[in-house]
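Asks: Structure file model.tsv (TSV, N, CA and C atoms and all ligand atoms) is given on the next line.
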```tsv
chain	number	residue	atom	x	y	z
A	47	MET	N	83.40	160.61	174.43
A	47	MET	CA	84.70	160.02	174.23
A	47	MET	C	84.61	158.53	174.49
A	48	SER	N	85.20	157.71	173.60
A	48	SER	CA	85.12	156.28	173.80
A	48	SER	C	86.18	155.82	174.81
A	49	ALA	N	85.93	154.64	175.39
A	49	ALA	CA	86.88	154.10	176.36
A	49	ALA	C	88.16	153.70	175.65
A	50	PRO	N	89.31	153.87	176.31
A	50	PRO	CA	90.57	153.47	175.68
A	50	PRO	C	90.57	151.97	175.40
A	51	ARG	N	91.20	151.62	174.26
A	51	ARG	CA	91.31	150.20	173.93
A	51	ARG	C	92.29	149.53	174.89
A	52	LEU	N	91.99	148.28	175.18
A	52	LEU	CA	92.88	147.55	176.07
A	52	LEU	C	94.09	147.06	175.27
A	53	PRO	N	95.28	147.16	175.86
A	53	PRO	CA	96.50	146.82	175.13
A	53	PRO	C	96.71	145.30	175.05
A	54	SER	N	96.56	144.76	173.86
A	54	SER	CA	96.80	143.34	173.66
A	54	SER	C	98.23	142.99	174.06
A	55	GLY	N	98.37	141.89	174.78
A	55	GLY	CA	99.70	141.45	175.19
A	55	GLY	C	100.15	141.99	176.53
A	56	ALA	N	99.38	142.90	177.12
A	56	ALA	CA	99.77	143.44	178.42
A	56	ALA	C	99.73	142.34	179.48
A	57	VAL	N	100.76	142.28	180.29
A	57	VAL	CA	100.81	141.30	181.38
A	57	VAL	C	99.97	141.83	182.54
A	58	LEU	N	99.00	141.02	182.99
A	58	LEU	CA	98.14	141.42	184.09
A	58	LEU	C	98.67	140.94	185.43
A	59	ALA	N	99.18	139.73	185.46
A	59	ALA	CA	99.66	139.17	186.72
A	59	ALA	C	100.41	137.87	186.44
A	60	ARG	N	101.19	137.46	187.42
A	60	ARG	CA	101.75	136.11	187.37
A	60	ARG	C	100.71	135.15	187.96
A	61	LEU	N	100.59	134.00	187.36
A	61	LEU	CA	99.62	133.01	187.83
A	61	LEU	C	99.88	132.67	189.30
A	62	SER	N	101.13	132.60	189.68
A	62	SER	CA	101.48	132.24	191.06
A	62	SER	C	101.09	133.32	192.07
A	63	ALA	N	100.81	134.54	191.59
A	63	ALA	CA	100.43	135.63	192.49
A	63	ALA	C	98.93	135.67	192.76
A	64	LEU	N	98.17	134.85	192.03
A	64	LEU	CA	96.71	134.87	192.19
A	64	LEU	C	96.30	133.96	193.34
A	65	PRO	N	95.47	134.45	194.24
A	65	PRO	CA	94.90	133.55	195.23
A	65	PRO	C	94.00	132.54	194.54
A	66	ASN	N	93.92	131.34	195.10
A	66	ASN	CA	93.12	130.29	194.46
A	66	ASN	C	92.30	129.56	195.52
A	67	PRO	N	91.00	129.80	195.60
A	67	PRO	CA	90.24	130.70	194.74
A	67	PRO	C	90.39	132.14	195.21
A	68	GLY	N	90.23	133.06	194.26
A	68	GLY	CA	90.32	134.45	194.64
A	68	GLY	C	90.38	135.37	193.44
A	69	ALA	N	90.60	136.65	193.73
A	69	ALA	CA	90.61	137.68	192.70
A	69	ALA	C	91.57	138.79	193.08
A	70	LEU	N	92.18	139.38	192.06
A	70	LEU	CA	93.08	140.52	192.24
A	70	LEU	C	92.57	141.69	191.42
A	71	VAL	N	92.76	142.89	191.94
A	71	VAL	CA	92.52	144.10	191.15
A	71	VAL	C	93.84	144.45	190.46
A	72	VAL	N	93.77	144.70	189.15
A	72	VAL	CA	94.95	145.08	188.37
A	72	VAL	C	94.61	146.37	187.63
A	73	ASP	N	95.37	147.41	187.89
A	73	ASP	CA	95.16	148.67	187.18
A	73	ASP	C	96.22	148.82	186.10
A	74	ILE	N	95.78	149.18	184.90
A	74	ILE	CA	96.72	149.43	183.82
A	74	ILE	C	96.49	150.83	183.28
A	75	GLU	N	97.53	151.40	182.68
A	75	GLU	CA	97.45	152.74	182.09
A	75	GLU	C	97.33	152.60	180.58
A	76	ARG	N	96.47	153.40	180.00
A	76	ARG	CA	96.30	153.38	178.55
A	76	ARG	C	95.85	154.76	178.09
A	77	ASP	N	96.60	155.37	177.19
A	77	ASP	CA	96.25	156.68	176.66
A	77	ASP	C	95.98	157.70	177.78
A	78	GLY	N	96.78	157.61	178.84
A	78	GLY	CA	96.65	158.56	179.93
A	78	GLY	C	95.52	158.27	180.89
A	79	ALA	N	94.81	157.17	180.64
A	79	ALA	CA	93.70	156.82	181.53
A	79	ALA	C	94.04	155.56	182.31
A	80	ARG	N	93.53	155.47	183.52
A	80	ARG	CA	93.71	154.28	184.34
A	80	ARG	C	92.50	153.38	184.12
A	81	ILE	N	92.77	152.12	183.82
A	81	ILE	CA	91.71	151.14	183.59
A	81	ILE	C	91.84	150.07	184.66
A	82	SER	N	90.77	149.84	185.39
A	82	SER	CA	90.81	148.87	186.47
A	82	SER	C	90.20	147.55	186.00
A	83	LEU	N	90.94	146.47	186.22
A	83	LEU	CA	90.52	145.13	185.80
A	83	LEU	C	90.54	144.20	187.00
A	84	LEU	N	89.87	143.06	186.83
A	84	LEU	CA	89.91	141.98	187.81
A	84	LEU	C	90.49	140.75	187.15
A	85	VAL	N	91.34	140.06	187.85
A	85	VAL	CA	91.84	138.76	187.40
A	85	VAL	C	91.43	137.75	188.46
A	86	THR	N	90.82	136.65	188.04
A	86	THR	CA	90.27	135.69	189.00
A	86	THR	C	90.81	134.29	188.73
A	87	ARG	N	90.76	133.50	189.78
A	87	ARG	CA	91.15	132.09	189.62
A	87	ARG	C	90.27	131.25	190.53
A	88	ARG	N	89.85	130.13	189.99
A	88	ARG	CA	89.20	129.09	190.80
A	88	ARG	C	89.62	127.76	190.21
A	89	GLY	N	90.48	127.06	190.92
A	89	GLY	CA	91.02	125.83	190.38
A	89	GLY	C	91.82	126.12	189.12
A	90	GLN	N	91.48	125.46	188.04
A	90	GLN	CA	92.19	125.66	186.77
A	90	GLN	C	91.60	126.80	185.95
A	91	HIS	N	90.50	127.38	186.40
A	91	HIS	CA	89.85	128.45	185.66
A	91	HIS	C	90.47	129.81	186.01
A	92	VAL	N	90.98	130.49	185.00
A	92	VAL	CA	91.52	131.84	185.15
A	92	VAL	C	90.74	132.75	184.21
A	93	ALA	N	90.36	133.92	184.68
A	93	ALA	CA	89.56	134.83	183.86
A	93	ALA	C	89.90	136.27	184.22
A	94	ALA	N	89.49	137.19	183.34
A	94	ALA	CA	89.68	138.62	183.61
A	94	ALA	C	88.42	139.38	183.21
A	95	PHE	N	88.18	140.47	183.89
A	95	PHE	CA	86.97	141.26	183.71
A	95	PHE	C	87.30	142.74	183.89
A	96	ARG	N	86.46	143.60	183.34
A	96	ARG	CA	86.53	145.01	183.74
A	96	ARG	C	86.02	145.11	185.16
A	97	ASN	N	86.70	145.91	185.97
A	97	ASN	CA	86.34	146.07	187.37
A	97	ASN	C	85.28	147.16	187.49
A	98	LYS	N	84.10	146.83	186.99
A	98	LYS	CA	83.00	147.79	186.99
A	98	LYS	C	81.70	147.02	187.20
A	99	CYS	N	81.11	147.22	188.36
A	99	CYS	CA	79.89	146.49	188.69
A	99	CYS	C	78.74	146.96	187.79
A	100	PRO	N	77.98	146.05	187.22
A	100	PRO	CA	76.88	146.45	186.34
A	100	PRO	C	75.71	147.09	187.09
A	101	HIS	N	75.71	147.02	188.42
A	101	HIS	CA	74.61	147.65	189.17
A	101	HIS	C	74.71	149.17	189.10
A	102	ALA	N	75.78	149.72	189.66
A	102	ALA	CA	75.91	151.18	189.69
A	102	ALA	C	77.27	151.66	189.22
A	103	GLY	N	78.06	150.75	188.67
A	103	GLY	CA	79.31	151.16	188.05
A	103	GLY	C	80.52	151.27	188.96
A	104	TYR	N	80.37	150.91	190.23
A	104	TYR	CA	81.51	150.99	191.14
A	104	TYR	C	82.48	149.83	190.91
A	105	PRO	N	83.76	150.01	191.28
A	105	PRO	CA	84.67	148.88	191.31
A	105	PRO	C	84.27	147.95	192.46
A	106	LEU	N	84.68	146.68	192.37
A	106	LEU	CA	84.19	145.69	193.33
A	106	LEU	C	84.94	145.68	194.65
A	107	GLN	N	86.16	146.22	194.70
A	107	GLN	CA	86.98	146.03	195.90
A	107	GLN	C	86.53	146.87	197.08
A	108	ARG	N	86.96	146.39	198.27
A	108	ARG	CA	86.76	147.15	199.50
A	108	ARG	C	87.75	148.31	199.53
A	109	SER	N	87.64	149.14	200.55
A	109	SER	CA	88.54	150.30	200.65
A	109	SER	C	90.00	149.88	200.84
A	110	ASP	N	90.24	148.67	201.34
A	110	ASP	CA	91.63	148.20	201.50
A	110	ASP	C	92.16	147.54	200.23
A	111	GLY	N	91.37	147.54	199.16
A	111	GLY	CA	91.82	147.01	197.88
A	111	GLY	C	91.53	145.54	197.66
A	112	ARG	N	90.99	144.86	198.67
A	112	ARG	CA	90.75	143.43	198.55
A	112	ARG	C	89.35	143.15	198.02
A	113	ILE	N	89.26	142.02	197.31
A	113	ILE	CA	87.97	141.55	196.81
A	113	ILE	C	87.43	140.51	197.78
A	114	ILE	N	86.21	140.67	198.20
A	114	ILE	CA	85.57	139.68	199.07
A	114	ILE	C	85.19	138.48	198.22
A	115	VAL	N	85.60	137.28	198.65
A	115	VAL	CA	85.22	136.04	197.97
A	115	VAL	C	84.42	135.20	198.96
A	116	GLN	N	83.24	134.78	198.52
A	116	GLN	CA	82.33	134.03	199.37
A	116	GLN	C	82.24	132.58	198.88
A	117	ASP	N	82.32	131.66	199.82
A	117	ASP	CA	82.19	130.23	199.53
A	117	ASP	C	83.19	129.75	198.49
A	118	GLY	N	84.26	130.46	198.31
A	118	GLY	CA	85.27	130.07	197.32
A	118	GLY	C	84.78	130.12	195.89
A	119	ARG	N	83.64	130.76	195.65
A	119	ARG	CA	83.03	130.74	194.31
A	119	ARG	C	82.63	132.11	193.78
A	120	TYR	N	82.33	133.05	194.68
A	120	TYR	CA	81.71	134.31	194.24
A	120	TYR	C	82.49	135.52	194.72
A	121	MET	N	82.64	136.51	193.83
A	121	MET	CA	83.13	137.82	194.23
A	121	MET	C	81.93	138.65	194.67
A	122	ILE	N	82.11	139.39	195.75
A	122	ILE	CA	81.02	140.22	196.27
A	122	ILE	C	81.39	141.68	196.09
A	123	CYS	N	80.54	142.43	195.41
A	123	CYS	CA	80.78	143.86	195.24
A	123	CYS	C	80.67	144.55	196.60
A	124	ALA	N	81.68	145.33	196.94
A	124	ALA	CA	81.72	145.97	198.25
A	124	ALA	C	80.68	147.08	198.38
A	125	ALA	N	80.15	147.57	197.27
A	125	ALA	CA	79.21	148.69	197.35
A	125	ALA	C	77.84	148.25	197.85
A	126	HIS	N	77.22	147.28	197.19
A	126	HIS	CA	75.86	146.87	197.58
A	126	HIS	C	75.67	145.37	197.52
A	127	CYS	N	76.77	144.63	197.50
A	127	CYS	CA	76.77	143.17	197.70
A	127	CYS	C	76.22	142.33	196.53
A	128	ALA	N	76.27	142.82	195.31
A	128	ALA	CA	76.00	141.93	194.18
A	128	ALA	C	77.09	140.87	194.16
A	129	SER	N	76.75	139.67	193.68
A	129	SER	CA	77.76	138.60	193.65
A	129	SER	C	77.93	138.08	192.23
A	130	PHE	N	79.17	137.70	191.93
A	130	PHE	CA	79.55	137.28	190.57
A	130	PHE	C	80.44	136.05	190.65
A	131	ALA	N	80.20	135.11	189.77
A	131	ALA	CA	81.00	133.89	189.73
A	131	ALA	C	82.44	134.20	189.35
A	132	LEU	N	83.38	133.57	190.06
A	132	LEU	CA	84.80	133.79	189.76
A	132	LEU	C	85.14	133.34	188.34
A	133	GLU	N	84.56	132.23	187.90
A	133	GLU	CA	84.97	131.66	186.61
A	133	GLU	C	84.55	132.49	185.41
A	134	ASP	N	83.31	133.01	185.44
A	134	ASP	CA	82.81	133.67	184.23
A	134	ASP	C	82.17	135.04	184.47
A	135	GLY	N	82.17	135.50	185.72
A	135	GLY	CA	81.62	136.83	186.02
A	135	GLY	C	80.11	136.91	185.98
A	136	ALA	N	79.43	135.77	185.87
A	136	ALA	CA	77.97	135.78	185.81
A	136	ALA	C	77.39	136.29	187.12
A	137	CYS	N	76.32	137.05	187.02
A	137	CYS	CA	75.62	137.53	188.21
A	137	CYS	C	75.05	136.32	188.95
A	138	ALA	N	75.32	136.25	190.25
A	138	ALA	CA	74.84	135.13	191.05
A	138	ALA	C	73.87	135.58	192.12
A	139	GLY	N	73.56	136.87	192.18
A	139	GLY	CA	72.60	137.37	193.17
A	139	GLY	C	72.84	138.83	193.47
A	140	GLY	N	71.85	139.44	194.12
A	140	GLY	CA	71.98	140.84	194.49
A	140	GLY	C	71.49	141.77	193.40
A	141	PRO	N	71.80	143.06	193.54
A	141	PRO	CA	71.20	144.06	192.66
A	141	PRO	C	71.75	144.12	191.24
A	142	CYS	N	72.60	143.17	190.83
A	142	CYS	CA	73.07	143.17	189.44
A	142	CYS	C	71.97	142.69	188.50
A	143	ASN	N	70.87	142.13	189.05
A	143	ASN	CA	69.69	141.80	188.25
A	143	ASN	C	69.99	140.99	187.00
A	144	GLY	N	70.86	140.00	187.14
A	144	GLY	CA	71.13	139.09	186.03
A	144	GLY	C	72.22	139.53	185.08
A	145	THR	N	72.75	140.73	185.27
A	145	THR	CA	73.81	141.21	184.38
A	145	THR	C	75.18	140.91	185.00
A	146	GLY	N	76.02	140.24	184.25
A	146	GLY	CA	77.34	139.87	184.75
A	146	GLY	C	78.39	140.92	184.44
A	147	LEU	N	79.61	140.62	184.85
A	147	LEU	CA	80.75	141.49	184.57
A	147	LEU	C	81.16	141.35	183.11
A	148	GLU	N	81.80	142.38	182.57
A	148	GLU	CA	82.31	142.32	181.19
A	148	GLU	C	83.60	141.51	181.18
A	149	ARG	N	83.55	140.37	180.52
A	149	ARG	CA	84.70	139.47	180.48
A	149	ARG	C	85.67	139.89	179.39
A	150	LEU	N	86.96	139.71	179.68
A	150	LEU	CA	88.02	140.06	178.74
A	150	LEU	C	88.74	138.80	178.28
A	151	ALA	N	89.18	138.80	177.05
A	151	ALA	CA	89.93	137.66	176.52
A	151	ALA	C	91.37	137.71	177.06
A	152	ILE	N	91.83	136.59	177.54
A	152	ILE	CA	93.19	136.49	178.06
A	152	ILE	C	93.87	135.25	177.50
A	153	VAL	N	95.18	135.21	177.67
A	153	VAL	CA	95.94	133.97	177.44
A	153	VAL	C	96.84	133.79	178.66
A	154	VAL	N	97.10	132.54	178.99
A	154	VAL	CA	98.05	132.22	180.05
A	154	VAL	C	99.25	131.56	179.38
A	155	ARG	N	100.41	132.21	179.53
A	155	ARG	CA	101.61	131.73	178.85
A	155	ARG	C	102.82	131.88	179.78
A	156	ASP	N	103.55	130.80	179.91
A	156	ASP	CA	104.77	130.81	180.73
A	156	ASP	C	104.53	131.38	182.13
A	157	GLY	N	103.39	131.01	182.71
A	157	GLY	CA	103.11	131.42	184.07
A	157	GLY	C	102.61	132.84	184.21
A	158	GLU	N	102.33	133.50	183.06
A	158	GLU	CA	101.81	134.87	183.11
A	158	GLU	C	100.44	134.95	182.46
A	159	ILE	N	99.63	135.86	182.96
A	159	ILE	CA	98.30	136.10	182.42
A	159	ILE	C	98.36	137.39	181.61
A	160	LEU	N	98.02	137.30	180.33
A	160	LEU	CA	98.13	138.45	179.43
A	160	LEU	C	96.78	138.73	178.78
A	161	LEU	N	96.55	139.99	178.45
A	161	LEU	CA	95.39	140.31	177.62
A	161	LEU	C	95.62	139.74	176.22
A	162	ALA	N	94.58	139.13	175.66
A	162	ALA	CA	94.70	138.54	174.32
A	162	ALA	C	94.70	139.63	173.25
A	201	LIG	S1	77.65	148.94	192.56
A	201	LIG	FE1	78.02	146.81	192.88
A	201	LIG	S2	76.25	146.13	193.90
A	201	LIG	FE2	75.90	148.22	193.59
```
Please, can you express the file's structure as structure tokens?

Replies:
Amino acid sequence: MSAPRLPSGAVLARLSALPNPGALVVDIERDGARISLLVTRRGQHVAAFRNKCPHAGYPLQRSDGRIIVQDGRYMICAAHCASFALEDGACAGGPCNGTGLERLAIVVRDGEILLA
């Protein structure tokens, strides 16, 4: 079975709700399935990714739902500590072995972050 398509135009978050620098977990429903995404901000850079670590497929957040951000630049996977750049999801170290997060196209409009 293929993964559900992401709904274009879905609002992920308000820009003002994003920590800067930081990351939020956003879960959306599609075709009866829950899809977990990450929305990140560092300065003027806003991005979104599938919340699935390329190392072993776990979501990045800790058990309390928070994403660990190191040095204001990197998200740290809570499972085995792979690190990913906030701006583009590129692997920055750890067991991701050079594979980054899957980036999603977004638009920022009227203070909201939407899937493109
Ligand atoms: S699943 Fe993320 S580092 Fe292993």

Asks: Using only N, CA and C atoms, which of A:Ile152, A:Leu52, A:Val85, A:Ala94 sits nearest Leu64 (chain A)?

Replies: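 Closest residue, counting only N, CA and C atoms: A:Val85.
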
Asks: Just want the 12 Å neighbourhood of Gln90 (chain A), counted on only C-alpha atoms, with same-chain residues fewer than 5 positions away dropped. Output as a ChimeraX atom specification.

Replies: /A:61,64-68,132-133,154

Asks: Quick one: write out the picked residues with N, CA and C atoms as a short mmCIF file (atom, residue, chain, number, x, y, z; two decimals), in the coordinates of the input?

Replies:
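Okay, this is what ended up in result21.cif:
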```
data_model
loop_
_atom_site.label_atom_id
_atom_site.label_comp_id
_atom_site.auth_asym_id
_atom_site.auth_seq_id
_atom_site.Cartn_x
_atom_site.Cartn_y
_atom_site.Cartn_z
N LEU A 61 100.59 134.00 187.36
CA LEU A 61 99.62 133.01 187.83
C LEU A 61 99.88 132.67 189.30
N LEU A 64 98.17 134.85 192.03
CA LEU A 64 96.71 134.87 192.19
C LEU A 64 96.30 133.96 193.34
N PRO A 65 95.47 134.45 194.24
CA PRO A 65 94.90 133.55 195.23
C PRO A 65 94.00 132.54 194.54
N ASN A 66 93.92 131.34 195.10
CA ASN A 66 93.12 130.29 194.46
C ASN A 66 92.30 129.56 195.52
N PRO A 67 91.00 129.80 195.60
CA PRO A 67 90.24 130.70 194.74
C PRO A 67 90.39 132.14 195.21
N GLY A 68 90.23 133.06 194.26
CA GLY A 68 90.32 134.45 194.64
C GLY A 68 90.38 135.37 193.44
N LEU A 132 83.38 133.57 190.06
CA LEU A 132 84.80 133.79 189.76
C LEU A 132 85.14 133.34 188.34
N GLU A 133 84.56 132.23 187.90
CA GLU A 133 84.97 131.66 186.61
C GLU A 133 84.55 132.49 185.41
N VAL A 154 97.10 132.54 178.99
CA VAL A 154 98.05 132.22 180.05
C VAL A 154 99.25 131.56 179.38
#
```

Asks: Using all atoms listed in the file, which residues of chain A come within 6 Å of ligand LIG 201 (chain A), and what is the closest atom pair for each, with the distance in Å to one decimal? Give it as a tab-separated table, sorted by chain and residue number.

Replies:
```
residue	atom	partner	partner_atom	distance
A:Cys99	CA	A:LIG201	FE1	4.6
A:Pro100	N	A:LIG201	FE1	5.7
A:His101	C	A:LIG201	S1	4.5
A:Ala102	N	A:LIG201	S1	3.5
A:Gly103	N	A:LIG201	S1	4.3
A:Tyr104	N	A:LIG201	S1	4.1
A:Cys123	CA	A:LIG201	FE1	4.7
A:Ala124	N	A:LIG201	FE1	5.7
A:Ala125	C	A:LIG201	FE2	4.7
A:His126	N	A:LIG201	S2	3.6
A:Cys127	N	A:LIG201	S2	3.9
A:Ala128	N	A:LIG201	S2	3.6
A:Pro141	N	A:LIG201	S2	5.4
A:Cys142	N	A:LIG201	S2	5.6
```

Asks: Limited to N, CA and C atoms, could you put the picked residues into a file as an mmCIF file, in the coordinates of the input?

Replies:
```
data_model
loop_
_atom_site.group_PDB
_atom_site.id
_atom_site.type_symbol
_atom_site.label_atom_id
_atom_site.label_comp_id
_atom_site.auth_asym_id
_atom_site.auth_seq_id
_atom_site.Cartn_x
_atom_site.Cartn_y
_atom_site.Cartn_z
ATOM 1 N N CYS A 99 81.110 147.220 188.360
ATOM 2 C CA CYS A 99 79.890 146.490 188.690
ATOM 3 C C CYS A 99 78.740 146.960 187.790
ATOM 4 N N PRO A 100 77.980 146.050 187.220
ATOM 5 C CA PRO A 100 76.880 146.450 186.340
ATOM 6 C C PRO A 100 75.710 147.090 187.090
ATOM 7 N N HIS A 101 75.710 147.020 188.420
ATOM 8 C CA HIS A 101 74.610 147.650 189.170
ATOM 9 C C HIS A 101 74.710 149.170 189.100
ATOM 10 N N ALA A 102 75.780 149.720 189.660
ATOM 11 C CA ALA A 102 75.910 151.180 189.690
ATOM 12 C C ALA A 102 77.270 151.660 189.220
ATOM 13 N N GLY A 103 78.060 150.750 188.670
ATOM 14 C CA GLY A 103 79.310 151.160 188.050
ATOM 15 C C GLY A 103 80.520 151.270 188.960
ATOM 16 N N TYR A 104 80.370 150.910 190.230
ATOM 17 C CA TYR A 104 81.510 150.990 191.140
ATOM 18 C C TYR A 104 82.480 149.830 190.910
ATOM 19 N N CYS A 123 80.540 142.430 195.410
ATOM 20 C CA CYS A 123 80.780 143.860 195.240
ATOM 21 C C CYS A 123 80.670 144.550 196.600
ATOM 22 N N ALA A 124 81.680 145.330 196.940
ATOM 23 C CA ALA A 124 81.720 145.970 198.250
ATOM 24 C C ALA A 124 80.680 147.080 198.380
ATOM 25 N N ALA A 125 80.150 147.570 197.270
ATOM 26 C CA ALA A 125 79.210 148.690 197.350
ATOM 27 C C ALA A 125 77.840 148.250 197.850
ATOM 28 N N HIS A 126 77.220 147.280 197.190
ATOM 29 C CA HIS A 126 75.860 146.870 197.580
ATOM 30 C C HIS A 126 75.670 145.370 197.520
ATOM 31 N N CYS A 127 76.770 144.630 197.500
ATOM 32 C CA CYS A 127 76.770 143.170 197.700
ATOM 33 C C CYS A 127 76.220 142.330 196.530
ATOM 34 N N ALA A 128 76.270 142.820 195.310
ATOM 35 C CA ALA A 128 76.000 141.930 194.180
ATOM 36 C C ALA A 128 77.090 140.870 194.160
ATOM 37 N N PRO A 141 71.800 143.060 193.540
ATOM 38 C CA PRO A 141 71.200 144.060 192.660
ATOM 39 C C PRO A 141 71.750 144.120 191.240
ATOM 40 N N CYS A 142 72.600 143.170 190.830
ATOM 41 C CA CYS A 142 73.070 143.170 189.440
ATOM 42 C C CYS A 142 71.970 142.690 188.500
#
```

Asks: With only N, CA and C atoms as the basis for distance, which of A:Leu58, A:Ala63, A:Leu83, A:Val92 is at the shortest distance from Asp134 (chain A)?

Replies: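 Checking each candidate against Asp134 (chain A), we get A:Val92 as the closest.
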
Asks: Take the point (84.5, 139.8, 182.5) as written in the file and pick out every residue within 8 Å of it, counting only C-alpha atoms; give the list as a list in words.

Replies: Leu84, Ala93, Ala94, Phe95, Arg96, Asp134, Gly135, Gly146, Leu147, Glu148, Arg149 and Leu150 of chain A

Asks: Go through A:Thr145, A:Asn97, A:Val115, A:Gly55 one by one, measure the shortest atom-to-atom distance of each to Ile81 (chain A) using all atoms listed in the file, and give the residue with the smallest value.

Replies: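 Using all atoms listed in the file, the shortest distance to Ile81 (chain A) belongs to A:Asn97.
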
Asks: Ala56 (chain A): which residues within 7 Å, counting only N, CA and C atoms, same-chain residues fewer than 6 positions away excluded, as a list of chain:residue names?

Replies: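 Using only N, CA and C atoms, the neighbours found are A:Ile159, A:Leu160, A:Leu161, A:Ala162.
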
Asks: Could you tell me how far atom C of Arg76 (chain A) lies from atom C of Ala136 (chain A), in Å and to one decimal?

Replies: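 Between atom C of Arg76 (chain A) and atom C of Ala136 (chain A) the gap is 27.6 Å.
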
Asks: Hey, can you check how far CA of Pro105 (chain A) sits from atom N of Arg155 (chain A)?

Replies: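 Result for CA of Pro105 (chain A) versus atom N of Arg155 (chain A): 25.8 Å, one decimal.
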
Asks: Find, counting all atoms listed in the file, the residue in A:Thr86, A:Val71, A:Gln107, A:Ala79 that gets nearest to Ala131 (chain A).

Replies: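 When distances to Ala131 (chain A) are compared using all atoms listed in the file, the smallest one comes from A:Thr86.
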
Asks: Measure the distance from CA of Glu158 (chain A) to CA of Ser62 (chain A) in Å and round it to one decimal.

Replies: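 Straight-line distance from CA of Glu158 (chain A) to CA of Ser62 (chain A) works out to 8.4 Å.
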
Asks: Looking at A:Arg119, A:Arg108, A:Arg87, A:Lys98, which one is nearest to Leu70 (chain A), with distances taken over all atoms listed in the file?

Replies: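 Comparing A:Arg119, A:Arg108, A:Arg87, A:Lys98 against Leu70 (chain A), the winner is A:Arg87.
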